[in-house]
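Worksheet: one structure, shown below.
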Amino acid sequence: MKLRVGHLSIVGKRDNNEDACYVDPQKRFFLVADGMGGQSAGERASSLAMEIVPQKLQLMDFNRATADQAIKAIDDSVNQANYEIMALGELDAKLKNMGTTIVFLIQVAGTMYAGGVGDSRVYLLRDGKLEQLTTDHSLTQALLDAGTLTPEEAANHRFKNVLYRFLGCKEGGQGTTPTQVQPRIGDKFLLCSDGVTGGADDEVLARIMSEGTDPQKTAEAIVQAATDGGSKDNITGVVVFIDP
């Protein structure tokens with residue numbers, strides 16, 4: 001299989017960009033992070049995650065690792081980032097309470113692993129159907145799962161952006177429980193911050209992904225759709241196409 005990739009991250013309607021993304025030059029893994037904590041703190045947290053996680057992942061044998069070995073390597077890399085973000089937040093008062101989400105798509109021995117911490121997302125478009133591969137670690141999602149909120153109520157709920165797990169808190173180091181996908185020719189993956197989903201719903205994303213033939217133009221179209229849809233946040237998308 002051949003992987004083609006496109007990515008774009010913009011400030012949007014914020015003063016600075018606390019989002020960050022990483023595309024492995026060998027196309028083995030892809031990351032998106034959405035920092036929080038305001039100004040330099042959020043930027044520092046997301047950039048730290050994009051520095052530490054790739055460094056740790058590089059130690060894995062992407063060609064031969066078993067599923068258990070892959071998941072352990074992924075969790076170890078995310079846990080290391082979580083620890084260092086927490087430690088720096090304790091050392092520097094200006095960075096106190098900083099944090100970041102993270103999502104990943106990692107190819108190991110022919111299997112794709114998708115997961116993360118926080119409310120950034122990974123989607124798979126297969127046979128025209130869009131599926132979310134990650135679970136939002138937000139209070140709204142927890143209320144949805146408990147059946148105390150309807151999807152309509154959740155869309156504009158006051159706890160929509162309140163996270164109970166992210167990198168920078170103790171719960172951020174509790175594992176990533178990645179979804180395993182056996183990729184097929186024609187599959188299209190999207191990794192994105194909530195700046196995308198805050199302006200473009202699943203129907204819009206599915207249409208753009210279905211129509212896209214070039215991953216870079218598709219990533220740009222998704223970011224533009226989120227902007228046009230009224231997203232008030234930084235907007236970041238990474239698009240991965242699986243080709244013959």
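Ordering of the structure tokens sets the chain letters (A, B, ...), residue numbers begin anew at 1 in every chain, and ligands are numbered from 1 in the order given.
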Handout entry: Non-local contacts of Met209 in chain A (8 Å; only C-alpha atoms; under 4 positions in same chain excluded) as a list of chain:residue names
Key =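 Once the adjacent positions are removed, what remains is A:Leu125, A:Lys188, A:Leu205, A:Thr218.
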Written file, previous selection with N, CA and C atoms, as a PDB file, in the first residue's frame:
ATOM      1  N   LEU A 125     -13.077   7.123   6.578  1.00  0.00           N
ATOM      2  CA  LEU A 125     -14.080   7.051   5.521  1.00  0.00           C
ATOM      3  C   LEU A 125     -13.827   5.778   4.725  1.00  0.00           C
ATOM      4  N   LYS A 188      -9.796   6.383   3.628  1.00  0.00           N
ATOM      5  CA  LYS A 188      -9.330   7.750   3.854  1.00  0.00           C
ATOM      6  C   LYS A 188      -9.485   8.065   5.339  1.00  0.00           C
ATOM      7  N   LEU A 205     -18.006  16.573   6.466  1.00  0.00           N
ATOM      8  CA  LEU A 205     -16.703  15.904   6.390  1.00  0.00           C
ATOM      9  C   LEU A 205     -16.761  14.705   5.451  1.00  0.00           C
ATOM     10  N   THR A 218      -7.797  18.136  -0.066  1.00  0.00           N
ATOM     11  CA  THR A 218      -8.879  17.703   0.819  1.00  0.00           C
ATOM     12  C   THR A 218      -8.716  18.306   2.207  1.00  0.00           C
TER      13      THR A 218
END
Need to verify the contact set: Leu139 in chain A, 9 Å, only C-alpha atoms, exclusion of same-chain residues closer than 6 positions in sequence. Can you return it as a PDB file with N, CA and C atoms, in the first residue's frame?
ATOM      1  N   PHE A 159     -20.909  22.134  28.903  1.00  0.00           N
ATOM      2  CA  PHE A 159     -19.713  21.345  29.212  1.00  0.00           C
ATOM      3  C   PHE A 159     -19.064  20.754  27.962  1.00  0.00           C
ATOM      4  N   LYS A 160     -19.469  21.232  26.799  1.00  0.00           N
ATOM      5  CA  LYS A 160     -19.007  20.643  25.538  1.00  0.00           C
ATOM      6  C   LYS A 160     -17.485  20.597  25.434  1.00  0.00           C
ATOM      7  N   ASN A 161     -16.816  21.631  25.902  1.00  0.00           N
ATOM      8  CA  ASN A 161     -15.360  21.720  25.765  1.00  0.00           C
ATOM      9  C   ASN A 161     -14.612  21.449  27.065  1.00  0.00           C
ATOM     10  N   VAL A 162     -15.303  20.892  28.060  1.00  0.00           N
ATOM     11  CA  VAL A 162     -14.656  20.564  29.331  1.00  0.00           C
ATOM     12  C   VAL A 162     -14.172  19.116  29.262  1.00  0.00           C
ATOM     13  N   LEU A 163     -12.862  18.928  29.416  1.00  0.00           N
ATOM     14  CA  LEU A 163     -12.262  17.600  29.290  1.00  0.00           C
ATOM     15  C   LEU A 163     -11.960  17.008  30.666  1.00  0.00           C
ATOM     16  N   TYR A 164     -12.164  15.701  30.795  1.00  0.00           N
ATOM     17  CA  TYR A 164     -11.766  15.021  32.024  1.00  0.00           C
ATOM     18  C   TYR A 164     -10.471  14.230  31.833  1.00  0.00           C
TER      19      TYR A 164
END
Problem - Contacts of range 221-236 of chain A within 9 Å, only C-alpha atoms, excl. fewer than 2 positions in-chain, as number ranges by chain - result: A: 7-14, 16-21, 32-34, 191-201, 204-205, 208-209, 212, 216-219, 238
Exercise for the section: Tell me which protein, DNA and RNA residues are within 8 Å of Val122 in chain A, counting only C-alpha atoms, leaving out same-chain ones fewer than 3 positions away, and put them as a list in words. Expected result: Val103, Phe104, Leu105, Ala114, Gly115, Gln132, Leu133, Thr134, Phe189, Leu190, Leu191 and Cys192 of chain A
Could you turn the residues from that selection into a file that holds C-alpha atoms, as a CSV table (one decimal), in the first residue's frame?
chain,number,residue,atom,x,y,z
A,103,VAL,CA,-4.7,11.9,18.5
A,104,PHE,CA,-2.6,9.5,16.4
A,105,LEU,CA,-2.8,7.2,13.4
A,114,ALA,CA,-6.0,5.1,15.9
A,115,GLY,CA,-6.5,6.6,19.3
A,132,GLN,CA,-15.3,8.1,14.3
A,133,LEU,CA,-12.5,5.9,15.6
A,134,THR,CA,-11.8,7.8,18.8
A,189,PHE,CA,-8.4,8.9,7.4
A,190,LEU,CA,-8.8,12.3,9.0
A,191,LEU,CA,-7.1,13.5,12.2
A,192,CYS,CA,-8.4,16.8,13.4
Exercise for the section: List every residue of range 4-203 of chain A that DSSP, applied to the backbone of this structure, places in strand (DSSP E), and write the result as a PyMOL selection string. Expected result: chain A and resi 4-10+19-23+29-36+99-108+111-117+121-126+129-132+179-181+188-192
Exercise for the section: Quick one: everything within 6 Å of Met98 in chain A, counting only C-alpha atoms, minus sequence neighbours fewer than 6 positions away in the same chain. Send it as a PyMOL selection string. Expected result: chain A and resi 36-37+41-42
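When only C-alpha atoms are used to compute distances to Gly89 in chain A, the closest of the residues A:Thr135, A:Leu167, A:Asp75, A:Pro25 turns out to be A:Leu167.
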Handout entry: For CA of Glu84 in chain A and CA of Asp15 in chain A, the interatomic separation in Å (one decimal)
Key =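 CA of Asp15 in chain A lies at a distance of 25.8 Å from CA of Glu84 in chain A.
The coordinates place CA of Ala206 in chain A at 24.8 Å from CA of Ala142 in chain A.
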Handout entry: DSSP alpha helix (DSSP H) residues within chain A, listed as number ranges by chain
Key = A: 39-57, 67-91, 139-146, 151-155, 194-197, 202-211, 215-228
